[in-house]
Each structure stands twice: as C-alpha cells, then as structure tokens.
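Student: Structure file entry_16.csv (CSV, C-alpha atoms and all ligand atoms) is given on the next line.
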chain,number,residue,atom,x,y,z
G,1,MET,CA,-29.4,-20.2,-19.3
G,2,GLU,CA,-30.3,-23.4,-17.4
G,3,ILE,CA,-28.6,-25.4,-20.1
G,4,ILE,CA,-25.4,-23.7,-19.4
G,5,GLU,CA,-25.9,-23.6,-15.6
G,6,GLN,CA,-26.1,-27.4,-15.4
G,7,LYS,CA,-22.8,-27.8,-17.1
G,8,ILE,CA,-20.7,-25.6,-14.9
G,9,LYS,CA,-18.1,-27.5,-12.8
G,10,ARG,CA,-19.7,-27.9,-9.4
G,11,CYS,CA,-16.6,-26.5,-7.6
G,12,ILE,CA,-16.8,-23.1,-9.3
G,13,LYS,CA,-20.6,-22.7,-9.3
G,14,ASP,CA,-20.7,-20.6,-6.1
G,15,PHE,CA,-17.4,-19.1,-6.8
G,16,LYS,CA,-16.8,-15.3,-6.8
G,17,SER,CA,-14.2,-14.3,-9.4
G,18,TYR,CA,-11.2,-12.4,-8.0
G,19,THR,CA,-11.3,-8.8,-8.9
G,20,PRO,CA,-8.1,-6.9,-8.2
G,21,VAL,CA,-8.6,-3.4,-6.6
G,22,LEU,CA,-9.6,-1.0,-9.3
G,23,PHE,CA,-7.3,2.0,-9.2
G,24,ASN,CA,-8.8,5.4,-9.5
G,25,GLY,CA,-6.5,7.5,-7.4
G,26,LYS,CA,-3.2,9.2,-8.1
G,27,TYR,CA,-0.9,7.2,-5.9
G,28,LYS,CA,-1.0,3.5,-6.4
G,29,LEU,CA,0.1,1.7,-3.2
G,30,ASP,CA,-2.4,-1.1,-3.3
G,31,ALA,CA,-0.7,-4.0,-5.1
G,32,ASN,CA,2.9,-4.3,-3.9
G,33,GLU,CA,4.3,-3.3,-7.2
G,34,ASN,CA,7.6,-1.5,-7.5
G,35,SER,CA,7.0,2.2,-7.2
G,36,TYR,CA,9.8,2.8,-9.6
G,37,GLU,CA,9.8,2.1,-13.3
G,38,ILE,CA,13.0,0.5,-14.8
G,39,PRO,CA,15.4,3.3,-15.7
G,40,VAL,CA,14.5,5.1,-18.9
G,41,PHE,CA,17.8,4.4,-20.7
G,42,ILE,CA,17.3,0.7,-20.1
G,43,LYS,CA,13.7,0.8,-21.3
G,44,LYS,CA,14.8,2.6,-24.5
G,45,LYS,CA,17.6,0.2,-25.1
G,46,ILE,CA,15.1,-2.7,-24.8
G,47,LEU,CA,12.5,-1.0,-27.0
G,48,ARG,CA,15.1,-0.7,-29.8
G,49,LYS,CA,15.7,-4.4,-29.5
G,50,ILE,CA,12.0,-5.1,-29.7
G,51,LEU,CA,12.2,-3.8,-33.3
G,52,ASN,CA,14.1,-7.0,-34.2
G,53,ILE,CA,11.6,-9.4,-32.7
G,54,PRO,CA,9.7,-11.1,-35.6
G,55,LEU,CA,6.2,-10.6,-34.3
G,56,ASN,CA,4.8,-13.0,-37.0
G,57,ARG,CA,6.6,-15.8,-35.2
G,58,TYR,CA,5.6,-17.6,-32.0
G,59,PRO,CA,7.8,-17.0,-28.9
G,60,ASP,CA,10.5,-19.5,-27.9
G,61,PRO,CA,8.3,-22.2,-26.2
G,62,GLU,CA,11.2,-23.2,-24.0
G,63,THR,CA,12.3,-19.7,-22.9
G,64,LYS,CA,15.9,-21.0,-23.4
G,65,GLU,CA,17.8,-17.7,-23.1
G,66,LEU,CA,16.0,-16.8,-19.9
G,67,LYS,CA,16.7,-20.2,-18.4
G,68,ARG,CA,20.4,-19.9,-19.3
G,69,ILE,CA,20.7,-16.5,-17.6
G,70,LEU,CA,18.7,-17.5,-14.5
G,71,SER,CA,20.6,-20.8,-14.2
G,72,LYS,CA,23.9,-18.9,-14.1
G,73,LYS,CA,22.7,-16.3,-11.7
G,74,LEU,CA,21.0,-18.8,-9.3
G,75,LYS,CA,23.7,-21.5,-9.7
G,76,VAL,CA,21.1,-24.2,-10.4
G,77,ASN,CA,20.8,-26.5,-13.4
G,78,LYS,CA,18.6,-25.1,-16.2
G,79,ASP,CA,16.5,-28.2,-16.0
G,80,MET,CA,15.3,-27.0,-12.6
G,81,ILE,CA,13.8,-23.8,-13.9
G,82,PHE,CA,10.3,-23.2,-15.4
G,83,LEU,CA,9.0,-19.9,-16.6
G,84,GLY,CA,5.4,-18.7,-16.5
G,85,ASN,CA,3.1,-15.9,-17.4
G,86,GLY,CA,3.5,-14.5,-13.9
G,87,SER,CA,3.9,-16.8,-10.9
G,88,ASP,CA,0.1,-16.9,-10.8
G,89,GLU,CA,0.2,-19.1,-13.9
G,90,ILE,CA,2.8,-21.4,-12.4
G,91,ILE,CA,0.5,-21.9,-9.3
G,92,PHE,CA,-2.2,-22.7,-11.8
G,93,TYR,CA,-0.1,-25.3,-13.6
G,94,LEU,CA,1.1,-26.9,-10.3
G,95,SER,CA,-2.5,-27.3,-9.3
G,96,GLN,CA,-3.5,-28.8,-12.6
G,97,THR,CA,-0.5,-31.1,-12.5
G,98,PHE,CA,-1.1,-32.4,-8.9
G,99,LEU,CA,-4.6,-31.7,-7.6
G,100,GLU,CA,-7.5,-34.0,-8.1
G,101,LYS,CA,-11.0,-33.8,-6.7
G,102,GLY,CA,-11.0,-34.2,-3.0
G,103,ASP,CA,-7.3,-33.5,-2.5
G,104,THR,CA,-6.2,-31.2,0.3
G,105,VAL,CA,-4.2,-28.1,0.2
G,106,ILE,CA,-2.9,-26.4,3.4
G,107,ILE,CA,-2.7,-22.6,3.5
G,108,PRO,CA,-1.5,-20.5,6.5
G,109,VAL,CA,-3.8,-17.5,6.7
G,110,PRO,CA,-3.9,-14.6,6.1
G,111,THR,CA,-1.9,-15.1,2.9
G,112,PHE,CA,-1.9,-14.5,-0.8
G,113,GLU,CA,-5.4,-15.2,-1.9
G,114,MET,CA,-4.6,-16.9,-5.2
G,115,TYR,CA,-3.5,-20.1,-3.5
G,116,LYS,CA,-7.0,-20.7,-2.2
G,117,ILE,CA,-8.7,-19.6,-5.4
G,118,ILE,CA,-6.6,-21.7,-7.7
G,119,SER,CA,-6.8,-24.7,-5.5
G,120,LYS,CA,-10.6,-24.4,-5.4
G,121,ILE,CA,-10.9,-24.0,-9.2
G,122,ASN,CA,-9.0,-27.3,-9.4
G,123,ASP,CA,-11.5,-29.0,-7.1
G,124,ALA,CA,-9.2,-29.3,-4.0
G,125,LYS,CA,-10.3,-28.9,-0.4
G,126,VAL,CA,-8.5,-26.0,1.3
G,127,ILE,CA,-7.5,-26.1,5.0
G,128,GLU,CA,-6.7,-22.7,6.4
G,129,ILE,CA,-4.3,-22.7,9.4
G,130,PRO,CA,-4.3,-19.3,11.1
G,131,LEU,CA,-0.9,-17.7,11.8
G,132,THR,CA,0.2,-17.4,15.5
G,133,LYS,CA,-0.4,-14.1,17.4
G,134,ASN,CA,3.0,-12.8,16.3
G,135,PHE,CA,2.2,-13.6,12.6
G,136,ASP,CA,4.4,-16.7,12.4
G,137,LEU,CA,3.5,-20.2,11.1
G,138,ASP,CA,1.7,-22.6,13.3
G,139,ASP,CA,4.0,-25.4,12.2
G,140,LYS,CA,2.6,-28.0,14.6
G,141,ASN,CA,-0.9,-27.7,13.3
G,142,ILE,CA,0.3,-27.5,9.7
G,143,ILE,CA,2.2,-30.8,10.1
G,144,LYS,CA,-0.7,-32.4,12.0
G,145,TYR,CA,-3.3,-31.5,9.3
G,146,ALA,CA,-1.0,-32.3,6.5
G,147,LYS,CA,-0.6,-35.8,7.9
G,148,ILE,CA,-4.3,-36.4,8.7
G,149,THR,CA,-5.4,-35.3,5.3
G,150,LYS,CA,-2.4,-36.5,3.3
G,151,ALA,CA,-2.2,-33.0,1.9
G,152,LYS,CA,-0.8,-32.5,-1.6
G,153,PHE,CA,0.4,-28.9,-1.1
G,154,ILE,CA,1.4,-26.6,1.6
G,155,PHE,CA,1.8,-23.0,0.5
G,156,ILE,CA,4.2,-20.7,2.3
G,157,ALA,CA,4.7,-17.1,1.1
G,158,TYR,CA,8.2,-16.0,2.2
G,159,PRO,CA,7.9,-13.1,2.9
G,160,ASN,CA,4.2,-13.4,3.5
G,161,ASN,CA,1.6,-11.3,1.8
G,162,PRO,CA,-0.2,-9.4,3.3
G,163,THR,CA,1.7,-9.5,6.6
G,164,GLY,CA,5.1,-8.6,5.0
G,165,ASN,CA,7.3,-10.7,7.3
G,166,CYS,CA,9.4,-13.8,6.7
G,167,PHE,CA,8.3,-16.7,8.9
G,168,SER,CA,10.8,-18.5,11.2
G,169,LYS,CA,13.2,-20.5,9.2
G,170,ASP,CA,13.2,-23.3,11.8
G,171,LYS,CA,9.5,-23.7,11.5
G,172,ILE,CA,9.7,-24.1,7.7
G,173,ILE,CA,12.5,-26.6,8.0
G,174,ASN,CA,10.4,-28.5,10.6
G,175,ILE,CA,7.5,-28.6,8.1
G,176,LEU,CA,9.8,-29.7,5.3
G,177,LYS,CA,11.2,-32.5,7.5
G,178,ASN,CA,7.9,-33.8,8.7
G,179,THR,CA,5.6,-33.9,5.8
G,180,ASP,CA,5.2,-35.7,2.5
G,181,ALA,CA,3.3,-32.8,1.0
G,182,ILE,CA,4.8,-30.6,-1.7
G,183,VAL,CA,5.9,-27.4,0.0
G,184,ILE,CA,5.6,-24.4,-2.2
G,185,ILE,CA,7.7,-21.5,-0.9
G,186,ASP,CA,6.7,-18.4,-2.7
G,187,GLU,CA,9.6,-15.9,-2.7
G,188,ALA,CA,7.8,-13.2,-4.8
G,189,TYR,CA,9.4,-10.5,-2.6
G,190,PHE,CA,12.8,-12.2,-2.2
G,191,GLU,CA,14.9,-9.2,-3.4
G,192,PHE,CA,13.5,-7.2,-0.5
G,193,SER,CA,14.2,-9.8,2.2
G,194,GLY,CA,17.4,-11.4,0.9
G,195,LYS,CA,16.3,-14.7,2.4
G,196,THR,CA,15.8,-17.8,0.3
G,197,PHE,CA,15.3,-21.6,0.6
G,198,ILE,CA,17.1,-22.3,-2.7
G,199,LYS,CA,19.9,-24.2,-1.0
G,200,TYR,CA,17.4,-26.7,0.5
G,201,LEU,CA,16.3,-27.9,-2.9
G,202,LYS,CA,19.0,-30.6,-2.9
G,203,LYS,CA,17.9,-31.9,0.5
G,204,PHE,CA,14.1,-31.7,0.1
G,205,LYS,CA,12.8,-33.2,-3.1
G,206,ASN,CA,9.3,-32.0,-2.2
G,207,LEU,CA,10.3,-28.3,-2.2
G,208,ILE,CA,9.3,-25.8,-4.9
G,209,ILE,CA,10.4,-22.2,-5.0
G,210,LEU,CA,8.5,-19.5,-6.8
G,211,ARG,CA,9.9,-16.1,-7.9
G,212,THR,CA,8.6,-13.2,-10.0
G,213,PHE,CA,9.7,-10.3,-12.1
G,214,SER,CA,6.6,-8.3,-11.0
G,215,LYS,CA,8.0,-6.8,-7.8
G,216,ALA,CA,11.7,-6.0,-7.5
G,217,PHE,CA,12.3,-6.2,-11.3
G,218,SER,CA,9.5,-3.6,-12.0
G,219,ILE,CA,7.9,-5.4,-14.9
G,220,ALA,CA,4.5,-6.5,-13.5
G,221,ALA,CA,2.8,-5.4,-16.7
G,222,LEU,CA,4.7,-8.0,-18.7
G,223,ARG,CA,3.8,-11.1,-16.5
G,224,VAL,CA,6.9,-13.2,-16.0
G,225,GLY,CA,7.5,-15.5,-13.1
G,226,TYR,CA,9.5,-18.6,-12.5
G,227,MET,CA,9.8,-21.8,-10.5
G,228,ILE,CA,12.9,-23.5,-9.3
G,229,ALA,CA,12.4,-27.1,-8.4
G,230,ASN,CA,13.9,-30.5,-8.8
G,231,LYS,CA,13.9,-31.6,-12.4
G,232,GLU,CA,11.4,-34.3,-12.0
G,233,ILE,CA,8.8,-31.7,-10.9
G,234,VAL,CA,9.7,-29.4,-13.8
G,235,LYS,CA,9.4,-32.2,-16.2
G,236,VAL,CA,5.9,-33.2,-15.1
G,237,VAL,CA,4.7,-29.6,-14.9
G,238,ASN,CA,5.8,-29.2,-18.5
G,239,LYS,CA,3.1,-31.6,-19.5
G,240,VAL,CA,0.3,-29.1,-18.7
G,241,LYS,CA,2.2,-26.0,-19.9
G,242,LEU,CA,0.6,-24.2,-22.8
G,243,PRO,CA,3.2,-24.1,-25.6
G,244,TYR,CA,3.8,-20.3,-25.8
G,245,ASN,CA,2.9,-19.1,-22.4
G,246,VAL,CA,5.5,-16.4,-22.1
G,247,ASN,CA,5.4,-13.9,-25.0
G,248,SER,CA,8.5,-12.8,-26.9
G,249,VAL,CA,8.4,-9.2,-25.6
G,250,SER,CA,8.2,-10.3,-22.0
G,251,GLN,CA,11.0,-12.8,-22.5
G,252,LEU,CA,13.2,-10.1,-23.9
G,253,PHE,CA,12.4,-7.6,-21.2
G,254,ALA,CA,13.0,-10.2,-18.4
G,255,LYS,CA,16.3,-11.2,-20.0
G,256,GLU,CA,17.4,-7.5,-20.2
G,257,VAL,CA,16.4,-6.6,-16.7
G,258,LEU,CA,18.4,-9.5,-15.4
G,259,LEU,CA,21.4,-8.4,-17.4
G,260,ASN,CA,21.0,-4.8,-16.1
G,261,GLU,CA,20.2,-5.9,-12.6
G,262,ARG,CA,22.9,-3.6,-11.1
G,263,TYR,CA,20.8,-0.5,-12.2
G,264,LEU,CA,17.7,-1.9,-10.6
G,265,LYS,CA,19.4,-2.7,-7.3
G,266,HIS,CA,19.6,1.0,-6.6
G,267,ASN,CA,15.8,1.2,-6.6
G,268,ILE,CA,15.5,-1.9,-4.4
G,269,GLN,CA,17.9,-0.3,-1.9
G,270,LYS,CA,15.8,2.9,-1.9
G,271,ILE,CA,12.6,1.0,-1.2
G,272,ILE,CA,14.2,-0.9,1.7
G,273,PHE,CA,15.5,2.4,3.1
G,274,GLU,CA,12.1,4.0,2.8
G,275,ARG,CA,10.4,0.9,4.3
G,276,GLU,CA,12.6,1.1,7.4
G,277,LYS,CA,12.0,4.8,7.9
G,278,LEU,CA,8.2,4.3,7.4
G,279,PHE,CA,8.1,1.4,9.8
G,280,GLU,CA,9.9,3.3,12.5
G,281,LYS,CA,7.6,6.3,12.2
G,282,ILE,CA,4.3,4.3,11.9
G,283,SER,CA,5.2,2.0,14.8
G,284,LYS,CA,5.2,5.1,17.1
G,285,LYS,CA,1.4,5.2,16.7
G,286,PHE,CA,0.2,1.9,15.3
G,287,PHE,CA,0.8,-1.8,15.6
G,288,VAL,CA,2.7,-2.6,12.4
G,289,VAL,CA,4.4,-5.9,11.5
G,290,LYS,CA,8.2,-5.7,10.9
G,291,SER,CA,8.5,-6.1,7.1
G,292,ASP,CA,10.9,-8.1,4.9
G,293,SER,CA,9.1,-7.0,1.8
G,294,ASN,CA,8.1,-3.8,0.0
G,295,PHE,CA,4.9,-3.2,2.0
G,296,LEU,CA,3.7,-2.7,5.5
G,297,PHE,CA,0.8,-4.3,7.3
G,298,LEU,CA,-0.8,-2.3,10.2
G,299,LYS,CA,-3.8,-2.3,12.4
G,300,ILE,CA,-6.2,0.7,12.3
G,301,LEU,CA,-9.1,1.4,14.6
G,302,ASP,CA,-11.3,3.4,12.4
G,303,ASN,CA,-11.6,1.7,9.0
G,304,LYS,CA,-14.3,3.9,7.7
G,305,LYS,CA,-12.4,7.1,8.5
G,306,ALA,CA,-9.2,5.7,7.0
G,307,LYS,CA,-10.9,4.8,3.8
G,308,LYS,CA,-12.4,8.3,3.5
G,309,ILE,CA,-9.1,10.1,4.1
G,310,PHE,CA,-7.0,7.9,1.8
G,311,LYS,CA,-9.6,8.3,-0.9
G,312,LYS,CA,-9.7,12.1,-0.4
G,313,ASN,CA,-6.0,12.2,-0.9
G,314,LYS,CA,-6.2,10.0,-4.0
G,315,ILE,CA,-4.1,7.3,-2.4
G,316,SER,CA,-5.1,3.7,-3.1
G,317,ILE,CA,-4.1,1.1,-0.5
G,318,ARG,CA,-5.5,-2.3,0.5
G,319,PHE,CA,-8.1,-2.5,3.2
G,320,PHE,CA,-9.2,-5.8,4.8
G,321,GLN,CA,-12.7,-5.7,6.0
G,322,SER,CA,-13.2,-9.3,6.9
G,323,GLY,CA,-11.3,-12.6,7.4
G,324,TYR,CA,-8.0,-13.1,9.2
G,325,ALA,CA,-6.6,-9.7,8.3
G,326,LYS,CA,-9.7,-7.8,9.5
G,327,ASP,CA,-9.0,-4.2,10.7
G,328,PHE,CA,-5.6,-4.2,9.0
G,329,ILE,CA,-4.4,-2.2,6.0
G,330,ARG,CA,-1.6,-3.0,3.7
G,331,ILE,CA,0.4,-0.1,2.2
G,332,THR,CA,3.0,-0.6,-0.5
G,333,VAL,CA,6.2,1.4,0.2
G,334,GLY,CA,6.2,4.1,-2.4
G,335,LYS,CA,8.5,7.0,-3.4
G,336,ASN,CA,9.6,9.4,-0.7
G,337,LYS,CA,6.9,11.9,-1.5
G,338,GLU,CA,4.2,9.2,-1.4
G,339,ASN,CA,5.4,7.8,1.9
G,340,LYS,CA,5.3,11.3,3.4
G,341,LEU,CA,1.7,11.7,2.3
G,342,VAL,CA,0.9,8.3,3.9
G,343,LEU,CA,2.5,9.4,7.2
G,344,ASP,CA,0.5,12.7,7.2
G,345,ILE,CA,-2.7,10.8,6.7
G,346,LEU,CA,-1.9,8.2,9.3
G,347,ASN,CA,-1.1,10.9,11.8
G,348,LYS,CA,-4.7,12.2,11.3
G,349,LEU,CA,-6.3,8.9,12.2
Z,1,LIG,N1,3.0,-14.4,-4.8
Z,1,LIG,C1,2.7,-13.5,-4.0
Z,1,LIG,C2,3.0,-13.7,-2.5
Z,1,LIG,C3,2.2,-12.3,-4.4
Z,1,LIG,O1,2.0,-11.3,-3.5
Z,1,LIG,C4,1.9,-12.0,-5.7
Z,1,LIG,C5,1.4,-10.8,-6.3
Z,1,LIG,N2,0.6,-10.0,-5.5
Z,1,LIG,C6,2.2,-13.1,-6.6
Z,1,LIG,C7,2.7,-14.3,-6.1
Z,1,LIG,C8,1.9,-13.0,-8.1
Z,1,LIG,O2,2.9,-12.6,-8.8
Z,1,LIG,P1,2.9,-12.6,-10.4
Z,1,LIG,O3,2.8,-11.1,-10.8
Z,1,LIG,O4,4.3,-13.1,-10.8
Z,1,LIG,O5,1.8,-13.4,-10.9
The structure given in the file should be rewritten as structure tokens.
Tutor:
Amino acid sequence: MEIIEQKIKRCIKDFKSYTPVLFNGKYKLDANENSYEIPVFIKKKILRKILNIPLNRYPDPETKELKRILSKKLKVNKDMIFLGNGSDEIIFYLSQTFLEKGDTVIIPVPTFEMYKIISKINDAKVIEIPLTKNFDLDDKNIIKYAKITKAKFIFIAYPNNPTGNCFSKDKIINILKNTDAIVIIDEAYFEFSGKTFIKYLKKFKNLIILRTFSKAFSIAALRVGYMIANKEIVKVVNKVKLPYNVNSVSQLFAKEVLLNERYLKHNIQKIIFEREKLFEKISKKFFVVKSDSNFLFLKILDNKKAKKIFKKNKISIRFFQSGYAKDFIRITVGKNKENKLVLDILNKL
C-alpha cells in the first residue's frame, strides 16, 4: 500500500471524505430537500417524453434548450449561463479553473461545507470568518483578510445554510465594492427567499451566482444546478467542463419543471407558510433564526436527549456536535403532518 500512499496528493492525505447523513428513518428532514415531489401528472407527462430520448446518444453537451429557457426566464444572455451536475459540480469546476496551490478562499462560518471541502481538494488555503452574534456577515474582517491574502474566492450562501437567513444586502455590497476576489453568491434557496443579486452582475464583473433545481424545483435526485456570471467567466469555466456533464434525462426534467413552474409554485408557497407557522411556534420555547429558506436553525440544550427522541420517532434531522454550529440543529420544513410531529417532539425537550 505504501506505493499508493506516496502518490496521494498531499492536500487530501489527511482528508476525511464527506458522507451525507445516512437516512434510516421515516421522515426525511435532514437535507433541505423539497418535502413535496413534483405533481404526478407532470411527472407522468415527462416520463412519456423520456421514451423519445435516444439513450444510445450522448446528451447535448451545451444544454442549449435549458439555457434558452433560463435565459428568457432570468432575462440574462444565454452566454452568461452554465449548467452543472448539481451546483456542487459547478463549485468544483470553479475551483479547478481558478485555484492553485497556496491560493486563499474566504468562507464565512458556519456555512455549506462543500465550499471548504472542494477548496481543500484543490489545494487552496481556507480562511474561516465566523458570522456575527446575530448570524450576519463580518464584512469588515472578510474584506480585511481578502486584501491581506489576495483571496481568489469569497463564498456567500444567500440564504445561508445551515443558519437559514439572508445576510444584510449592504454588507454583501460592501464586500463586492471593496475586494478583487471573485464573490460567489450561492442562491440555492432563492425561491424561498425571493432575494437575488442577479441585477448586480452588470456592475460587478467579479460576481458569480449559483442556483439549483434540487430545492424548490424538487428534482434533487437528478442533479441539475446552474451558474449565472459574466460571459468571460462562463467561457473560461467551460475549459474544465466535462463534455457531457448533465445527462439527457436530467436536462429534460429540468426543462419541463421550468415550463411547469406555476404548478410547483403552489408547493413553494405551502413550504413558506409552514415555515412561518413553525418559526412562530418554535420561537416561543427556543432560540431559532428567522429563516428565508426551507429549513430552521435552532439551539437546543440537551443534544443527547434530542437525538434519542427524534430517532425514536423516526425523524431524521441534522445535528451539529462541533464547530461553529455546535448545539444547534437544522430541521427542513416538511409537510404539515411532519411539522406537527417535530413540534410535539420539541415540546418534550
Ligand atoms: N449550496 C447550498 C447552500 C446548499 O445547501 C446545497 C445543498 N445542500 C447546495 C449548494 C448543493 O446543491 P446541488 O444539489 O445543486 O449540488
């Protein structure tokens, strides 16, 4: 084994691979997925169309149809859109395009863990800047460290995962104005917040926006995400893109859910309604962050007890035992029945 050992890239030698929570419950509220499937009649309609996909052929390498529809919907030029096998893959491509050994990436914490993992795999140094006490960005320190280290990337999840809130717009603008770094604003939960930085793409050439079909659009299983950025950025990221990164079935589903968006909006509205109800009730007993997403982040005193009761009731949620989110739990907003169960359990804690 030593022969192999010697050859492993130094930056991943001591690395622990990321293992998503393994689900063995009945109610899955641990990964911020959409608790609703896409309506059955739309699913059936798409499945019929799948019959016409020539499976012996490679998918469209340029995802032209999807770009056309997205470009119309978002009112941006199609040269500004890039599609990936989930937004995870796009984060990977961005890192491969821009990061070299010794480069610095700035990450406010706690946040989505893949930013750090992917940066490290690509040999970058990660500087973590803790959020302020009220879970907002520490813009001054972010700017300061970005300058000192000539950071290549600053990641900002908007809304943030796991805290669920959108950071202050002014602080983000302040960062955009005062740094040369590429600022990657990850709007994975945009449809639940309604807040976006798209209109700033014209003004800030160093801005990248990420979106996904995994959350509001209910097709996490199919892995489709996209980036909106200035065309120079899209052009260069295309250099590292694998030719057929988004498969034909996923392209078709993503296209169809966009065309049938009005039917999905109903589910998004239901989730937002449930989120607000849940927040109000939970906040009577716990410290819970006001959410702009489809999940809630709250502090619990007895982690062990909570784990036991959630498990007993077959509900899977996300626990944070260490790090910046220590003693907090993250619960995806589910269907009405699931949320009632969550409340019952929390009331027993
Ligand atoms: N960004 C954030 C902030 C997320 O929370 C997640 C999923 N948990 C992703 C990106 C990944 O999304 P995708 O399924 O498109 O890879």
Student: So, counting all atoms listed in the file, which residue among G:Ile300, G:Lys348, G:Asn24, G:Ser17 is closest to G:Ile118?
Tutor: G:Ser17
Student: Tell me which protein, DNA and RNA residues are within 8 Å of G:Leu343, counting all atoms listed in the file, leaving out same-chain ones fewer than 5 positions away, and put them as a PDB file with C-alpha atoms, in the coordinates of the input.
Tutor:
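What landed in out_28.pdb:
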ATOM      1  CA  LEU G 278       8.200   4.300   7.400  1.00  0.00           C
ATOM      2  CA  LYS G 281       7.600   6.300  12.200  1.00  0.00           C
ATOM      3  CA  ILE G 282       4.300   4.300  11.900  1.00  0.00           C
TER       4      ILE G 282
END
Student: Work out how far atom CA of G:Ile315 is from atom CA of G:Leu341, in Å to one decimal.
Tutor: 8.7 Å
Student: Could you list, with a cut-off of 12 Å and counting all atoms listed in the file, the residues of stretch 123-148 of chain G near stretch 283-289 of chain G, each shown with its nearest atom pair and the distance in Å rounded to one decimal, rows sorted by chain and ascending number, as CSV?
Tutor:
residue,atom,partner,partner_atom,distance
G:Lys133,CA,G:Val289,CA,11.2
G:Asn134,CA,G:Val289,CA,8.5
G:Phe135,CA,G:Val289,CA,8.1
G:Asp136,CA,G:Val289,CA,10.8
Student: Stretch 207-210 of chain G: which residues within 7 Å, counting all atoms listed in the file, same-chain residues fewer than 5 positions away excluded, as a list in words?
Tutor: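 These residues fall inside the cut-off: Ser87, Ile182, Val183, Ile184, Ile185, Asp186, Glu187, Ala188, Leu201, Tyr226, Met227, Ile228 and Ala229 of chain G.
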Student: Those residues with C-alpha atoms, as a tab-separated table (two decimals), in the frame of the given file please?
Tutor:
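This is the output file part35.tsv:
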chain	number	residue	atom	x	y	z
G	87	SER	CA	3.90	-16.80	-10.90
G	182	ILE	CA	4.80	-30.60	-1.70
G	183	VAL	CA	5.90	-27.40	0.00
G	184	ILE	CA	5.60	-24.40	-2.20
G	185	ILE	CA	7.70	-21.50	-0.90
G	186	ASP	CA	6.70	-18.40	-2.70
G	187	GLU	CA	9.60	-15.90	-2.70
G	188	ALA	CA	7.80	-13.20	-4.80
G	201	LEU	CA	16.30	-27.90	-2.90
G	226	TYR	CA	9.50	-18.60	-12.50
G	227	MET	CA	9.80	-21.80	-10.50
G	228	ILE	CA	12.90	-23.50	-9.30
G	229	ALA	CA	12.40	-27.10	-8.40
Student: What residues have any atom no more than 8 Å from ligand LIG 1 (chain Z) when counting only C-alpha atoms and all ligand atoms, and can you list them as a ChimeraX atom specification?
Tutor: /G:31-33,85-89,111-112,114,157-162,186-189,210-215,220,223-226
Student: For stretch 25-30 of chain G, please output as a PyMOL selection string all residues within 6 Å (counting only C-alpha atoms; exclusion window: fewer than 5 positions along the same chain).
Tutor: chain G and resi 314-318+331-332
Student: In the coordinate frame of the file, compute which residues have an atom within 9 Å of (-7.4, -28.8, 1.0) when using only C-alpha atoms, and state them as JSON, numbers by chain.
Tutor: {"G": [102, 103, 104, 105, 106, 107, 116, 119, 120, 124, 125, 126, 127, 128, 149, 151, 152, 153]}
Student: Point out the residue among G:Asp180, G:Glu256, G:Glu2, G:Glu280 with the least atom-to-atom distance to G:Ile50, counting only C-alpha atoms.
Tutor: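 Nearest to G:Ile50: G:Glu256.
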Student: Just to confirm, what's the straight-line distance from atom CA of G:Ile219 to atom CA of G:Leu47 in Å (one decimal)?
Tutor: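 For atom CA of G:Ile219 relative to atom CA of G:Leu47, the distance reads 13.7 Å.
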Student: Contacts of G:Ala216 at 9 Å or less, counting all atoms listed in the file, minus same-chain residues fewer than 6 places along, as a list in words?
Tutor: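 Neighbouring residues, sequence-local ones excluded: Glu33, Asn34, Ala188, Tyr189, Phe190, Glu191, Phe192, Leu264, Lys265, Asn267, Ile268 and Asn294 of chain G.
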Student: Can you tell me how far atom CA of G:Lys78 sits from atom CA of G:Asn238, in Å to one decimal?
Tutor: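 So the answer is 13.6 Å.
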Student: Considering only C-alpha atoms, state which residue in the set G:Lys235, G:Arg57, G:Lys147, G:Lys290 is at the smallest distance from G:Asn165.
Tutor: G:Lys290
Student: Can you work out which one of G:Val76, G:Glu261, G:Asn141, G:Ala325 has the shortest atom-to-atom distance to G:Val109, counting all atoms listed in the file?
Tutor: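 Closest to G:Val109 of all the choices is G:Ala325.
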Student: Set the distance at 12 Å and use only C-alpha atoms: which residues neighbour G:Leu301 once local chain neighbours fewer than 3 positions away are removed? I'd like the list as a list in words.
Tutor: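 After dropping sequence-adjacent residues, the list is Lys285, Phe286, Phe287, Leu298, Lys304, Lys305, Ala306, Lys307, Gln321, Lys326, Asp327, Phe328, Ile329, Leu346 and Leu349 of chain G.
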Student: How would you write as a ChimeraX atom specification the residues that get within 10 Å of (2.9, -22.5, 11.4) in the file's frame, counting all atoms listed in the file?
Tutor: /G:107-109,129-132,135-143,156,167-168,171-172,174-175
Student: Between G:His266, G:Lys241, G:Arg275, G:Lys308, which residue has the minimum interatomic distance to G:Lys340, considering all atoms listed in the file?
Tutor: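 Checking each of G:His266, G:Lys241, G:Arg275, G:Lys308 against G:Lys340, counting all atoms listed in the file, the winner is G:Arg275.
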Student: With distances taken over all atoms listed in the file, which of G:Ile173, G:Lys7, G:Gln96, G:Val246 is nearest to G:Phe82?
Tutor: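 Closest to G:Phe82, using all atoms listed in the file: G:Val246.
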